[in-house]
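Trainee: Below you'll find the structure I mean.
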Amino acid sequence: MCGIVGQFDFRDKRTIDQELLVRMNQSQLHRGPDEGEVYIEPGLGLGHRRLSIMDVSSGQQPLFNEDKTVIVIFNGEIYNFQELAKQLIELGHQFGTHSDTEVIVHAWEEWGESCVNYFRGMFAFAVWDQNQEILFMARDHMGVKPFYYALLDSGMFIFSSELKALLRHPDFKREINPHAVEDYFSYGYIPEPKTIYHQANKLSPGFYLKLKRGQKTQPQPYQYWDT
């Protein structure tokens with residue numbers, strides 16, 4: 001189990017508050033007690049809490065491609081990563097680790113948003129493509145790994161593995177969603193994509209989100225898989 005967190009200004013390139021990003025990341029310490037790193041550039045901040053299981057020595061995140069233009073943070077496991085790594089190497093990609101995380105980076109470079117169709121496993125991840133200025137996020141087919149997100153009034157998009165990390169952001173509105181409360185009493189849980197808060201959503205299983213800096217429309221999840 002690991003934890004991911006991020007902030008993305010898809011309207012502009014405003015400065016990311018590093019201390020705030022670290023606090024959001026630290027709120028998920030129990031998900032990854034071994035390591036915690038953040039990456040910041042204008043308009044983007046990514047954080048990761050790591051539970052070291054695979055490639056302990058060189059699998060730190062955020063993880064980059066060769067020229068550091070594609071960055072990933074990842075929670076989960078790609079079961080067929082060795083098969084995919086072999087395929088990607090044959091296509092000309094170079095690997096610097098033995099971790100399944102790096103497969104996501106090169107799969108994005110090779111197949112774009114279709115990369116999710118190649119993964120077998122449980123996952124929630126975010127890929128930042130500097131050249132295209134695209135933030136791509138996906139959740140596994142069955143929804144084993146969680147992914148929460150919110151679009152703030154300021155235009156800042158924030159996401160995390162746990163809802164409480166979003167609560168650390170001072171601009172997040174803690175207004176309760178009464179329909180979610182009704183769902184909880186009816187079903188014993190709150191079905192996706194709703195959460196207990198109006199401003200937050202949970203990415204549904206088999207869905208991805210793709211945000212491009214400068215886009216005028218609201219982010220809309222896209223379903224890539226259905227039972």
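Ligands are numbered from 1 in the order shown, chains are lettered A, B, ... in the order of the structure tokens, and residues start at 1 in each chain.
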Leaving out Lys164 in chain A and any residue of its chain fewer than 6 positions from it, which residues lie within 10 Å of it when counting only C-alpha atoms, given as a ChimeraX atom specification?

Mentor: /A:24,27-28,148

Trainee: If you keep C-alpha atoms, can you produce a file of those selected residues as a PDB file, in the first residue's frame?

Mentor:
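In the end it all went to part_14.pdb:
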ATOM      1  CA  MET A  24      -1.165  16.613   2.453  1.00  0.00           C
ATOM      2  CA  SER A  27      -1.478  12.836   6.236  1.00  0.00           C
ATOM      3  CA  GLN A  28      -1.149   9.504   4.416  1.00  0.00           C
ATOM      4  CA  TYR A 148     -10.224  11.053  -4.592  1.00  0.00           C
TER       5      TYR A 148
END

Trainee: Determine which residues of range 60-183 of chain A receive a DSSP assignment of strand (DSSP E or B), computed from the backbone, and state them as a count of residues only.

Mentor: 36

Trainee: Between CA of His93 in chain A and CA of Gln61 in chain A, what is the distance in Å, rounded to a tenth?

Mentor: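 Computing it gives 19.1 Å between the two atoms.
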
Trainee: So that I can check the secondary structure, give me every residue of range 78-197 of chain A assigned alpha helix (DSSP H) by backbone DSSP, as a compact mmCIF listing (two decimals) with all heavy atoms, in the first residue's frame.

Mentor:
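As a result, result17.txt now contains:
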# COMPACT_ATOMS: atom_id res chain seq x y z
N PHE A 81 3.83 -6.53 -15.40
CA PHE A 81 4.82 -5.50 -15.73
C PHE A 81 6.05 -6.07 -16.43
O PHE A 81 6.64 -5.39 -17.28
CB PHE A 81 5.22 -4.70 -14.48
CG PHE A 81 6.25 -5.33 -13.60
CD1 PHE A 81 7.59 -4.99 -13.73
CD2 PHE A 81 5.90 -6.27 -12.65
CE1 PHE A 81 8.55 -5.56 -12.91
CE2 PHE A 81 6.86 -6.84 -11.83
CZ PHE A 81 8.19 -6.49 -11.97
N GLN A 82 6.45 -7.28 -16.10
CA GLN A 82 7.63 -7.85 -16.75
C GLN A 82 7.37 -8.09 -18.25
O GLN A 82 8.23 -7.81 -19.09
CB GLN A 82 8.04 -9.15 -16.06
CG GLN A 82 8.57 -8.91 -14.65
CD GLN A 82 8.89 -10.20 -13.92
OE1 GLN A 82 8.16 -11.18 -14.03
NE2 GLN A 82 9.99 -10.21 -13.18
N GLU A 83 6.20 -8.58 -18.54
CA GLU A 83 5.80 -8.79 -19.94
C GLU A 83 5.75 -7.46 -20.70
O GLU A 83 6.23 -7.34 -21.83
CB GLU A 83 4.44 -9.48 -19.98
CG GLU A 83 3.78 -9.57 -21.33
CD GLU A 83 2.34 -10.03 -21.22
OE1 GLU A 83 2.02 -10.80 -20.28
OE2 GLU A 83 1.52 -9.61 -22.06
N LEU A 84 5.19 -6.44 -20.04
CA LEU A 84 5.09 -5.12 -20.68
C LEU A 84 6.45 -4.47 -20.83
O LEU A 84 6.74 -3.82 -21.84
CB LEU A 84 4.17 -4.21 -19.87
CG LEU A 84 2.67 -4.55 -19.88
CD1 LEU A 84 1.90 -3.63 -18.95
CD2 LEU A 84 2.11 -4.43 -21.30
N ALA A 85 7.30 -4.63 -19.82
CA ALA A 85 8.65 -4.06 -19.89
C ALA A 85 9.41 -4.65 -21.07
O ALA A 85 10.09 -3.91 -21.82
CB ALA A 85 9.40 -4.32 -18.59
N LYS A 86 9.31 -5.95 -21.27
CA LYS A 86 9.99 -6.59 -22.39
C LYS A 86 9.48 -6.03 -23.71
O LYS A 86 10.26 -5.72 -24.63
CB LYS A 86 9.76 -8.10 -22.34
CG LYS A 86 10.45 -8.86 -23.46
CD LYS A 86 10.18 -10.36 -23.35
CE LYS A 86 10.85 -11.11 -24.50
NZ LYS A 86 10.58 -12.58 -24.41
N GLN A 87 8.16 -5.87 -23.81
CA GLN A 87 7.55 -5.33 -25.03
C GLN A 87 8.01 -3.90 -25.28
O GLN A 87 8.33 -3.52 -26.42
CB GLN A 87 6.03 -5.39 -24.91
CG GLN A 87 5.28 -4.95 -26.15
CD GLN A 87 3.77 -5.10 -25.98
OE1 GLN A 87 3.28 -5.62 -24.98
NE2 GLN A 87 3.02 -4.63 -26.97
N LEU A 88 8.07 -3.09 -24.23
CA LEU A 88 8.46 -1.69 -24.37
C LEU A 88 9.94 -1.54 -24.70
O LEU A 88 10.33 -0.66 -25.45
CB LEU A 88 8.10 -0.93 -23.09
CG LEU A 88 6.60 -0.69 -22.89
CD1 LEU A 88 6.29 -0.37 -21.43
CD2 LEU A 88 6.09 0.42 -23.80
N ILE A 89 10.77 -2.41 -24.14
CA ILE A 89 12.20 -2.39 -24.47
C ILE A 89 12.39 -2.71 -25.95
O ILE A 89 13.21 -2.08 -26.64
CB ILE A 89 12.97 -3.39 -23.58
CG1 ILE A 89 13.04 -2.86 -22.15
CG2 ILE A 89 14.39 -3.63 -24.12
CD1 ILE A 89 13.56 -3.86 -21.14
N GLU A 90 11.63 -3.68 -26.46
CA GLU A 90 11.70 -4.02 -27.88
C GLU A 90 11.26 -2.85 -28.76
O GLU A 90 11.69 -2.73 -29.92
CB GLU A 90 10.84 -5.25 -28.17
CG GLU A 90 11.41 -6.54 -27.57
CD GLU A 90 10.45 -7.72 -27.71
OE1 GLU A 90 9.28 -7.50 -28.12
OE2 GLU A 90 10.86 -8.85 -27.39
N ASP A 100 7.63 -2.02 -11.19
CA ASP A 100 6.45 -1.96 -12.07
C ASP A 100 6.02 -0.52 -12.32
O ASP A 100 5.34 -0.23 -13.31
CB ASP A 100 5.30 -2.79 -11.51
CG ASP A 100 4.92 -2.43 -10.08
OD1 ASP A 100 5.68 -1.70 -9.41
OD2 ASP A 100 3.86 -2.89 -9.62
N THR A 101 6.44 0.39 -11.45
CA THR A 101 6.08 1.80 -11.63
C THR A 101 6.59 2.35 -12.95
O THR A 101 5.87 3.09 -13.65
CB THR A 101 6.66 2.65 -10.47
OG1 THR A 101 6.26 2.09 -9.23
CG2 THR A 101 6.19 4.08 -10.56
N GLU A 102 7.81 2.00 -13.31
CA GLU A 102 8.40 2.56 -14.53
C GLU A 102 7.69 2.12 -15.79
O GLU A 102 7.71 2.82 -16.80
CB GLU A 102 9.88 2.22 -14.60
CG GLU A 102 10.62 3.01 -15.67
CD GLU A 102 12.13 2.82 -15.65
OE1 GLU A 102 12.63 2.04 -14.83
OE2 GLU A 102 12.80 3.46 -16.48
N VAL A 103 7.03 0.97 -15.73
CA VAL A 103 6.25 0.51 -16.88
C VAL A 103 5.17 1.53 -17.24
O VAL A 103 4.88 1.76 -18.43
CB VAL A 103 5.62 -0.87 -16.59
CG1 VAL A 103 4.54 -1.20 -17.59
CG2 VAL A 103 6.68 -1.96 -16.61
N ILE A 104 4.59 2.17 -16.24
CA ILE A 104 3.52 3.14 -16.49
C ILE A 104 4.05 4.33 -17.28
O ILE A 104 3.40 4.81 -18.22
CB ILE A 104 2.90 3.61 -15.15
CG1 ILE A 104 2.30 2.41 -14.40
CG2 ILE A 104 1.83 4.67 -15.41
CD1 ILE A 104 1.82 2.76 -13.00
N VAL A 105 5.24 4.81 -16.91
CA VAL A 105 5.85 5.94 -17.60
C VAL A 105 6.01 5.65 -19.09
O VAL A 105 5.60 6.43 -19.96
CB VAL A 105 7.22 6.29 -16.97
CG1 VAL A 105 8.01 7.22 -17.88
CG2 VAL A 105 7.04 6.94 -15.62
N HIS A 106 6.64 4.52 -19.40
CA HIS A 106 6.93 4.20 -20.80
C HIS A 106 5.68 3.78 -21.57
O HIS A 106 5.59 4.00 -22.78
CB HIS A 106 8.01 3.13 -20.87
CG HIS A 106 9.32 3.56 -20.27
ND1 HIS A 106 10.04 4.64 -20.76
CD2 HIS A 106 10.02 3.10 -19.20
CE1 HIS A 106 11.14 4.80 -20.03
NE2 HIS A 106 11.14 3.88 -19.08
N ALA A 107 4.73 3.17 -20.86
CA ALA A 107 3.47 2.81 -21.50
C ALA A 107 2.72 4.08 -21.92
O ALA A 107 2.11 4.13 -23.00
CB ALA A 107 2.62 1.97 -20.57
N TRP A 108 2.78 5.11 -21.08
CA TRP A 108 2.15 6.38 -21.45
C TRP A 108 2.84 6.98 -22.68
O TRP A 108 2.18 7.45 -23.61
CB TRP A 108 2.20 7.37 -20.29
CG TRP A 108 1.88 8.78 -20.73
CD1 TRP A 108 2.76 9.78 -21.01
CD2 TRP A 108 0.58 9.31 -21.01
NE1 TRP A 108 2.10 10.91 -21.43
CE2 TRP A 108 0.75 10.66 -21.45
CE3 TRP A 108 -0.72 8.80 -20.93
CZ2 TRP A 108 -0.32 11.47 -21.79
CZ3 TRP A 108 -1.79 9.61 -21.27
CH2 TRP A 108 -1.59 10.93 -21.69
N GLU A 109 4.18 6.95 -22.69
CA GLU A 109 4.91 7.47 -23.84
C GLU A 109 4.54 6.74 -25.13
O GLU A 109 4.43 7.35 -26.19
CB GLU A 109 6.41 7.33 -23.60
CG GLU A 109 6.99 8.24 -22.55
CD GLU A 109 8.48 8.05 -22.39
OE1 GLU A 109 8.92 6.93 -22.05
OE2 GLU A 109 9.22 9.02 -22.63
N GLU A 110 4.35 5.45 -25.03
CA GLU A 110 4.10 4.63 -26.22
C GLU A 110 2.64 4.64 -26.66
O GLU A 110 2.34 4.74 -27.85
CB GLU A 110 4.54 3.19 -25.95
CG GLU A 110 4.48 2.27 -27.16
CD GLU A 110 5.47 2.65 -28.25
OE1 GLU A 110 6.57 3.17 -27.92
OE2 GLU A 110 5.14 2.44 -29.45
N TRP A 111 1.72 4.54 -25.71
CA TRP A 111 0.31 4.33 -26.05
C TRP A 111 -0.63 5.45 -25.59
O TRP A 111 -1.83 5.39 -25.86
CB TRP A 111 -0.16 3.00 -25.48
CG TRP A 111 0.61 1.83 -26.03
CD1 TRP A 111 0.79 1.51 -27.34
CD2 TRP A 111 1.33 0.84 -25.27
NE1 TRP A 111 1.55 0.37 -27.45
CE2 TRP A 111 1.90 -0.07 -26.20
CE3 TRP A 111 1.52 0.61 -23.90
CZ2 TRP A 111 2.66 -1.16 -25.80
CZ3 TRP A 111 2.28 -0.48 -23.51
CH2 TRP A 111 2.84 -1.36 -24.45
N LEU A 163 -9.40 10.71 1.36
CA LEU A 163 -10.16 11.95 1.40
C LEU A 163 -9.57 12.95 2.39
O LEU A 163 -9.58 14.16 2.15
CB LEU A 163 -11.61 11.63 1.78
CG LEU A 163 -12.65 12.73 1.68
CD1 LEU A 163 -12.69 13.33 0.28
CD2 LEU A 163 -14.02 12.19 2.07
N LYS A 164 -9.01 12.46 3.48
CA LYS A 164 -8.51 13.38 4.51
C LYS A 164 -7.34 14.22 4.02
O LYS A 164 -7.10 15.30 4.56
CB LYS A 164 -8.12 12.62 5.77
CG LYS A 164 -6.93 11.70 5.64
CD LYS A 164 -6.65 11.05 6.98
CE LYS A 164 -5.43 10.15 6.93
NZ LYS A 164 -5.18 9.51 8.24
N ALA A 165 -6.63 13.75 3.01
CA ALA A 165 -5.54 14.56 2.46
C ALA A 165 -6.09 15.81 1.78
O ALA A 165 -5.48 16.88 1.84
CB ALA A 165 -4.70 13.75 1.48
N LEU A 166 -7.24 15.69 1.12
CA LEU A 166 -7.87 16.86 0.49
C LEU A 166 -8.30 17.88 1.54
O LEU A 166 -8.27 19.09 1.29
CB LEU A 166 -9.09 16.44 -0.34
CG LEU A 166 -8.88 15.39 -1.44
CD1 LEU A 166 -10.18 15.22 -2.23
CD2 LEU A 166 -7.76 15.79 -2.38
N LEU A 167 -8.67 17.39 2.70
CA LEU A 167 -9.13 18.29 3.77
C LEU A 167 -8.02 19.19 4.28
O LEU A 167 -8.30 20.21 4.92
CB LEU A 167 -9.70 17.47 4.94
CG LEU A 167 -10.87 16.54 4.63
CD1 LEU A 167 -11.34 15.85 5.91
CD2 LEU A 167 -12.02 17.30 3.99
N PRO A 178 -25.90 16.09 1.22
CA PRO A 178 -27.01 15.38 1.87
C PRO A 178 -27.41 14.11 1.12
O PRO A 178 -27.87 13.14 1.73
CB PRO A 178 -28.14 16.41 1.90
CG PRO A 178 -27.79 17.39 0.83
CD PRO A 178 -26.30 17.44 0.78
N HIS A 179 -27.25 14.10 -0.21
CA HIS A 179 -27.59 12.90 -0.99
C HIS A 179 -26.63 11.75 -0.64
O HIS A 179 -27.04 10.58 -0.62
CB HIS A 179 -27.53 13.20 -2.48
CG HIS A 179 -28.50 14.26 -2.92
ND1 HIS A 179 -29.87 14.07 -2.86
CD2 HIS A 179 -28.31 15.51 -3.40
CE1 HIS A 179 -30.47 15.15 -3.29
NE2 HIS A 179 -29.55 16.05 -3.62
N ALA A 180 -25.39 12.10 -0.36
CA ALA A 180 -24.43 11.08 0.04
C ALA A 180 -24.79 10.51 1.41
O ALA A 180 -24.62 9.32 1.66
CB ALA A 180 -23.02 11.67 0.06
N VAL A 181 -25.28 11.38 2.29
CA VAL A 181 -25.72 10.92 3.61
C VAL A 181 -26.89 9.94 3.46
O VAL A 181 -26.93 8.88 4.11
CB VAL A 181 -26.11 12.11 4.51
CG1 VAL A 181 -26.68 11.61 5.83
CG2 VAL A 181 -24.92 13.02 4.74
N GLU A 182 -27.83 10.27 2.58
CA GLU A 182 -28.97 9.38 2.32
C GLU A 182 -28.49 8.03 1.79
O GLU A 182 -28.98 6.97 2.21
CB GLU A 182 -29.92 10.03 1.32
CG GLU A 182 -30.66 11.23 1.85
CD GLU A 182 -31.51 11.90 0.78
OE1 GLU A 182 -31.57 11.37 -0.35
OE2 GLU A 182 -32.13 12.93 1.08
N ASP A 183 -27.51 8.08 0.87
CA ASP A 183 -26.96 6.84 0.32
C ASP A 183 -26.32 5.99 1.42
O ASP A 183 -26.48 4.75 1.43
CB ASP A 183 -25.91 7.14 -0.75
CG ASP A 183 -26.53 7.60 -2.05
OD1 ASP A 183 -27.75 7.41 -2.24
OD2 ASP A 183 -25.79 8.16 -2.89
N TYR A 184 -25.63 6.66 2.32
CA TYR A 184 -24.96 5.92 3.39
C TYR A 184 -25.96 5.18 4.26
O TYR A 184 -25.75 4.00 4.61
CB TYR A 184 -24.11 6.86 4.24
CG TYR A 184 -23.38 6.15 5.34
CD1 TYR A 184 -22.21 5.43 5.07
CD2 TYR A 184 -23.87 6.14 6.65
CE1 TYR A 184 -21.54 4.75 6.07
CE2 TYR A 184 -23.20 5.46 7.66
CZ TYR A 184 -22.05 4.76 7.36
OH TYR A 184 -21.41 4.08 8.35
N PHE A 185 -27.06 5.85 4.61
CA PHE A 185 -28.06 5.20 5.46
C PHE A 185 -28.85 4.15 4.69
O PHE A 185 -29.37 3.20 5.28
CB PHE A 185 -28.99 6.24 6.07
CG PHE A 185 -28.38 7.00 7.21
CD1 PHE A 185 -28.11 8.35 7.09
CD2 PHE A 185 -28.07 6.36 8.39
CE1 PHE A 185 -27.53 9.05 8.14
CE2 PHE A 185 -27.49 7.05 9.45
CZ PHE A 185 -27.22 8.40 9.32
N SER A 186 -28.93 4.30 3.35
CA SER A 186 -29.66 3.32 2.54
C SER A 186 -28.83 2.07 2.26
O SER A 186 -29.33 0.95 2.32
CB SER A 186 -30.08 3.95 1.21
OG SER A 186 -30.98 5.01 1.42
N TYR A 187 -27.54 2.29 1.92
CA TYR A 187 -26.70 1.18 1.46
C TYR A 187 -25.61 0.76 2.44
O TYR A 187 -25.01 -0.30 2.27
CB TYR A 187 -26.02 1.55 0.13
CG TYR A 187 -26.97 2.07 -0.92
CD1 TYR A 187 -26.75 3.31 -1.52
CD2 TYR A 187 -28.06 1.32 -1.35
CE1 TYR A 187 -27.61 3.80 -2.49
CE2 TYR A 187 -28.92 1.80 -2.31
CZ TYR A 187 -28.70 3.04 -2.89
OH TYR A 187 -29.55 3.51 -3.85

Trainee: Write out as a ChimeraX atom specification which residues come within 12 Å of range 222-226 of chain A when counting only C-alpha atoms, dropping same-chain ones fewer than 2 positions away.

Mentor: /A:113-119,136-143,203-211,219-220

Trainee: Mind dumping the selected residues with N, CA, C and O atoms as an mmCIF file, in the first residue's frame?

Mentor:
data_model
loop_
_atom_site.group_PDB
_atom_site.id
_atom_site.type_symbol
_atom_site.label_atom_id
_atom_site.label_comp_id
_atom_site.auth_asym_id
_atom_site.auth_seq_id
_atom_site.Cartn_x
_atom_site.Cartn_y
_atom_site.Cartn_z
ATOM 1 N N GLU A 113 -3.264 7.572 -23.610
ATOM 2 C CA GLU A 113 -4.341 7.198 -22.699
ATOM 3 C C GLU A 113 -4.769 5.737 -22.847
ATOM 4 O O GLU A 113 -5.382 5.164 -21.941
ATOM 5 N N SER A 114 -4.425 5.114 -23.967
ATOM 6 C CA SER A 114 -4.747 3.700 -24.155
ATOM 7 C C SER A 114 -3.884 2.789 -23.295
ATOM 8 O O SER A 114 -4.120 1.573 -23.246
ATOM 9 N N CYS A 115 -2.892 3.345 -22.610
ATOM 10 C CA CYS A 115 -2.003 2.527 -21.778
ATOM 11 C C CYS A 115 -2.774 1.719 -20.749
ATOM 12 O O CYS A 115 -2.367 0.602 -20.393
ATOM 13 N N VAL A 116 -3.890 2.265 -20.253
ATOM 14 C CA VAL A 116 -4.654 1.563 -19.217
ATOM 15 C C VAL A 116 -5.183 0.222 -19.718
ATOM 16 O O VAL A 116 -5.445 -0.684 -18.915
ATOM 17 N N ASN A 117 -5.356 0.083 -21.017
ATOM 18 C CA ASN A 117 -5.864 -1.169 -21.574
ATOM 19 C C ASN A 117 -4.828 -2.286 -21.528
ATOM 20 O O ASN A 117 -5.167 -3.460 -21.723
ATOM 21 N N TYR A 118 -3.564 -1.931 -21.278
ATOM 22 C CA TYR A 118 -2.488 -2.916 -21.229
ATOM 23 C C TYR A 118 -2.202 -3.415 -19.811
ATOM 24 O O TYR A 118 -1.552 -4.444 -19.648
ATOM 25 N N PHE A 119 -2.674 -2.687 -18.809
ATOM 26 C CA PHE A 119 -2.321 -3.008 -17.430
ATOM 27 C C PHE A 119 -3.263 -4.051 -16.828
ATOM 28 O O PHE A 119 -4.496 -3.912 -16.907
ATOM 29 N N PHE A 136 -2.631 12.927 -16.505
ATOM 30 C CA PHE A 136 -3.473 11.761 -16.767
ATOM 31 C C PHE A 136 -3.535 10.905 -15.513
ATOM 32 O O PHE A 136 -2.504 10.560 -14.936
ATOM 33 N N MET A 137 -4.755 10.574 -15.074
ATOM 34 C CA MET A 137 -4.961 9.812 -13.850
ATOM 35 C C MET A 137 -5.922 8.668 -14.118
ATOM 36 O O MET A 137 -6.888 8.829 -14.856
ATOM 37 N N ALA A 138 -5.670 7.522 -13.499
ATOM 38 C CA ALA A 138 -6.523 6.360 -13.752
ATOM 39 C C ALA A 138 -6.658 5.509 -12.499
ATOM 40 O O ALA A 138 -5.773 5.489 -11.630
ATOM 41 N N ARG A 139 -7.773 4.773 -12.451
ATOM 42 C CA ARG A 139 -8.035 3.830 -11.365
ATOM 43 C C ARG A 139 -8.297 2.457 -11.975
ATOM 44 O O ARG A 139 -8.869 2.342 -13.056
ATOM 45 N N ASP A 140 -7.886 1.424 -11.262
ATOM 46 C CA ASP A 140 -7.964 0.068 -11.805
ATOM 47 C C ASP A 140 -9.399 -0.384 -12.090
ATOM 48 O O ASP A 140 -10.372 0.223 -11.638
ATOM 49 N N HIS A 141 -9.493 -1.467 -12.820
ATOM 50 C CA HIS A 141 -10.762 -1.956 -13.343
ATOM 51 C C HIS A 141 -11.804 -2.236 -12.253
ATOM 52 O O HIS A 141 -12.995 -1.960 -12.443
ATOM 53 N N MET A 142 -11.351 -2.799 -11.129
ATOM 54 C CA MET A 142 -12.275 -3.188 -10.065
ATOM 55 C C MET A 142 -12.318 -2.187 -8.907
ATOM 56 O O MET A 142 -13.069 -2.379 -7.950
ATOM 57 N N GLY A 143 -11.511 -1.155 -8.972
ATOM 58 C CA GLY A 143 -11.529 -0.136 -7.923
ATOM 59 C C GLY A 143 -10.905 -0.591 -6.626
ATOM 60 O O GLY A 143 -11.327 -0.166 -5.539
ATOM 61 N N LEU A 203 -12.968 8.785 -8.060
ATOM 62 C CA LEU A 203 -12.895 8.246 -9.409
ATOM 63 C C LEU A 203 -13.419 6.818 -9.386
ATOM 64 O O LEU A 203 -12.981 5.998 -8.582
ATOM 65 N N SER A 204 -14.361 6.525 -10.266
ATOM 66 C CA SER A 204 -14.989 5.206 -10.278
ATOM 67 C C SER A 204 -14.055 4.156 -10.865
ATOM 68 O O SER A 204 -13.156 4.473 -11.658
ATOM 69 N N PRO A 205 -14.241 2.880 -10.501
ATOM 70 C CA PRO A 205 -13.433 1.808 -11.084
ATOM 71 C C PRO A 205 -13.551 1.793 -12.608
ATOM 72 O O PRO A 205 -14.641 1.980 -13.151
ATOM 73 N N GLY A 206 -12.424 1.575 -13.273
ATOM 74 C CA GLY A 206 -12.427 1.511 -14.729
ATOM 75 C C GLY A 206 -12.569 2.857 -15.405
ATOM 76 O O GLY A 206 -12.938 2.929 -16.577
ATOM 77 N N PHE A 207 -12.250 3.935 -14.711
ATOM 78 C CA PHE A 207 -12.338 5.286 -15.269
ATOM 79 C C PHE A 207 -10.969 5.960 -15.234
ATOM 80 O O PHE A 207 -10.118 5.622 -14.411
ATOM 81 N N TYR A 208 -10.789 6.940 -16.110
ATOM 82 C CA TYR A 208 -9.612 7.798 -16.034
ATOM 83 C C TYR A 208 -10.015 9.250 -16.207
ATOM 84 O O TYR A 208 -11.128 9.566 -16.669
ATOM 85 N N LEU A 209 -9.108 10.137 -15.807
ATOM 86 C CA LEU A 209 -9.262 11.583 -15.960
ATOM 87 C C LEU A 209 -8.081 12.111 -16.748
ATOM 88 O O LEU A 209 -6.937 11.712 -16.497
ATOM 89 N N LYS A 210 -8.348 13.003 -17.668
ATOM 90 C CA LYS A 210 -7.285 13.602 -18.466
ATOM 91 C C LYS A 210 -7.483 15.115 -18.474
ATOM 92 O O LYS A 210 -8.498 15.611 -18.960
ATOM 93 N N LEU A 211 -6.517 15.839 -17.905
ATOM 94 C CA LEU A 211 -6.578 17.294 -17.821
ATOM 95 C C LEU A 211 -5.433 17.898 -18.611
ATOM 96 O O LEU A 211 -4.289 17.459 -18.484
ATOM 97 N N PRO A 219 -13.186 19.098 -15.844
ATOM 98 C CA PRO A 219 -12.684 17.731 -15.995
ATOM 99 C C PRO A 219 -13.816 16.713 -15.930
ATOM 100 O O PRO A 219 -14.672 16.785 -15.038
ATOM 101 N N GLN A 220 -13.841 15.790 -16.875
ATOM 102 C CA GLN A 220 -14.877 14.765 -16.922
ATOM 103 C C GLN A 220 -14.237 13.376 -16.974
ATOM 104 O O GLN A 220 -13.418 13.105 -17.851
#

Trainee: Could you check how far CA of His98 in chain A sits from CA of Gln60 in chain A, in Å to one decimal?

Mentor: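 Calculated distance between CA of His98 in chain A and CA of Gln60 in chain A is 11.1 Å.
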
Trainee: Nearest residue to Phe8 in chain A out of A:Tyr197, A:Phe157, A:Phe95, A:Phe125, using only C-alpha atoms?

Mentor: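 The shortest atom-to-atom distance to Phe8 in chain A comes from A:Phe157.
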
Trainee: Suppose you want the space between CA of Val144 in chain A and CA of His48 in chain A; what is it in Å?

Mentor: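 Calculated distance between CA of Val144 in chain A and CA of His48 in chain A is 18.1 Å.
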
Trainee: I'd like the neighbourhood of Lys13 in chain A as a list in words, where a residue qualifies if any of its atoms comes within 8 Å (using only C-alpha atoms), though same-chain residues fewer than 6 positions away should be ignored.

Mentor: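 Close residues of Lys13 in chain A: Pro42, Gly43 and Leu44 of chain A.
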
Trainee: Quick one: write out the picked residues with all heavy atoms as a CSV table (one decimal), in the first residue's frame?

Mentor:
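After the write, out_20.csv holds the following:
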chain,number,residue,atom,x,y,z
A,42,PRO,N,6.3,24.8,-11.7
A,42,PRO,CA,5.3,25.8,-11.8
A,42,PRO,C,3.9,25.2,-12.1
A,42,PRO,O,3.8,24.6,-13.2
A,42,PRO,CB,5.8,26.8,-12.9
A,42,PRO,CG,7.2,26.7,-12.8
A,42,PRO,CD,7.5,25.2,-12.5
A,43,GLY,N,2.9,25.4,-11.2
A,43,GLY,CA,1.6,24.9,-11.5
A,43,GLY,C,1.3,23.4,-11.2
A,43,GLY,O,0.2,22.9,-11.5
A,44,LEU,N,2.3,22.7,-10.7
A,44,LEU,CA,2.2,21.3,-10.4
A,44,LEU,C,2.9,20.9,-9.2
A,44,LEU,O,4.1,21.2,-9.0
A,44,LEU,CB,2.6,20.5,-11.6
A,44,LEU,CG,2.6,19.0,-11.5
A,44,LEU,CD1,1.2,18.4,-11.6
A,44,LEU,CD2,3.6,18.3,-12.4

Trainee: Considering only C-alpha atoms, return as a short mmCIF file (atom, residue, chain, number, x, y, z; two decimals) with N, CA and C atoms, in the first residue's frame whatever protein or nucleic-acid residues lie within 10 Å of Leu20 in chain A, sequence-local ones (same chain, fewer than 4 positions apart) excluded.

Mentor:
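The result, stored in part-v3.cif:
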data_model
loop_
_atom_site.label_atom_id
_atom_site.label_comp_id
_atom_site.auth_asym_id
_atom_site.auth_seq_id
_atom_site.Cartn_x
_atom_site.Cartn_y
_atom_site.Cartn_z
N GLN A 7 -1.41 18.40 -6.69
CA GLN A 7 -2.09 19.67 -6.97
C GLN A 7 -1.73 20.07 -8.40
N ILE A 16 3.06 26.48 -6.42
CA ILE A 16 2.55 25.46 -5.52
C ILE A 16 3.18 25.64 -4.14
N MET A 24 -0.20 17.51 3.08
CA MET A 24 -1.17 16.61 2.45
C MET A 24 -0.56 15.22 2.30
N ASN A 25 0.69 15.19 1.90
CA ASN A 25 1.36 13.91 1.71
C ASN A 25 1.56 13.18 3.05
N GLN A 26 1.95 13.93 4.07
CA GLN A 26 2.19 13.33 5.38
C GLN A 26 0.93 12.80 6.04
N ARG A 168 -6.78 18.83 4.03
CA ARG A 168 -5.66 19.66 4.46
C ARG A 168 -5.56 20.96 3.66
N HIS A 169 -6.17 20.98 2.47
CA HIS A 169 -6.09 22.19 1.64
C HIS A 169 -7.06 23.24 2.18
N PRO A 170 -6.58 24.45 2.47
CA PRO A 170 -7.45 25.47 3.09
C PRO A 170 -8.59 25.93 2.20
#

Trainee: Need to verify the contact set: Phe159 in chain A, 6 Å, only C-alpha atoms, exclusion of same-chain residues closer than 6 positions in sequence. Can you return it as a list in words?

Mentor: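 Selected residues are Val5, Gly6, Tyr148 and Tyr149 of chain A.
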
Trainee: Convert the current residue selection to file output with N, CA and C atoms, as a tab-separated table (two decimals), in the first residue's frame.

Mentor:
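In the end it all went to out02.tsv:
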chain	number	residue	atom	x	y	z
A	5	VAL	N	-0.60	11.93	-3.86
A	5	VAL	CA	-1.27	13.21	-3.66
A	5	VAL	C	-0.77	14.19	-4.70
A	6	GLY	N	-1.62	15.15	-5.07
A	6	GLY	CA	-1.17	16.11	-6.07
A	6	GLY	C	-2.02	17.37	-6.12
A	148	TYR	N	-9.32	9.94	-4.86
A	148	TYR	CA	-10.22	11.05	-4.59
A	148	TYR	C	-9.71	12.31	-5.27
A	149	TYR	N	-10.64	13.19	-5.68
A	149	TYR	CA	-10.22	14.43	-6.30
A	149	TYR	C	-11.25	15.52	-6.09
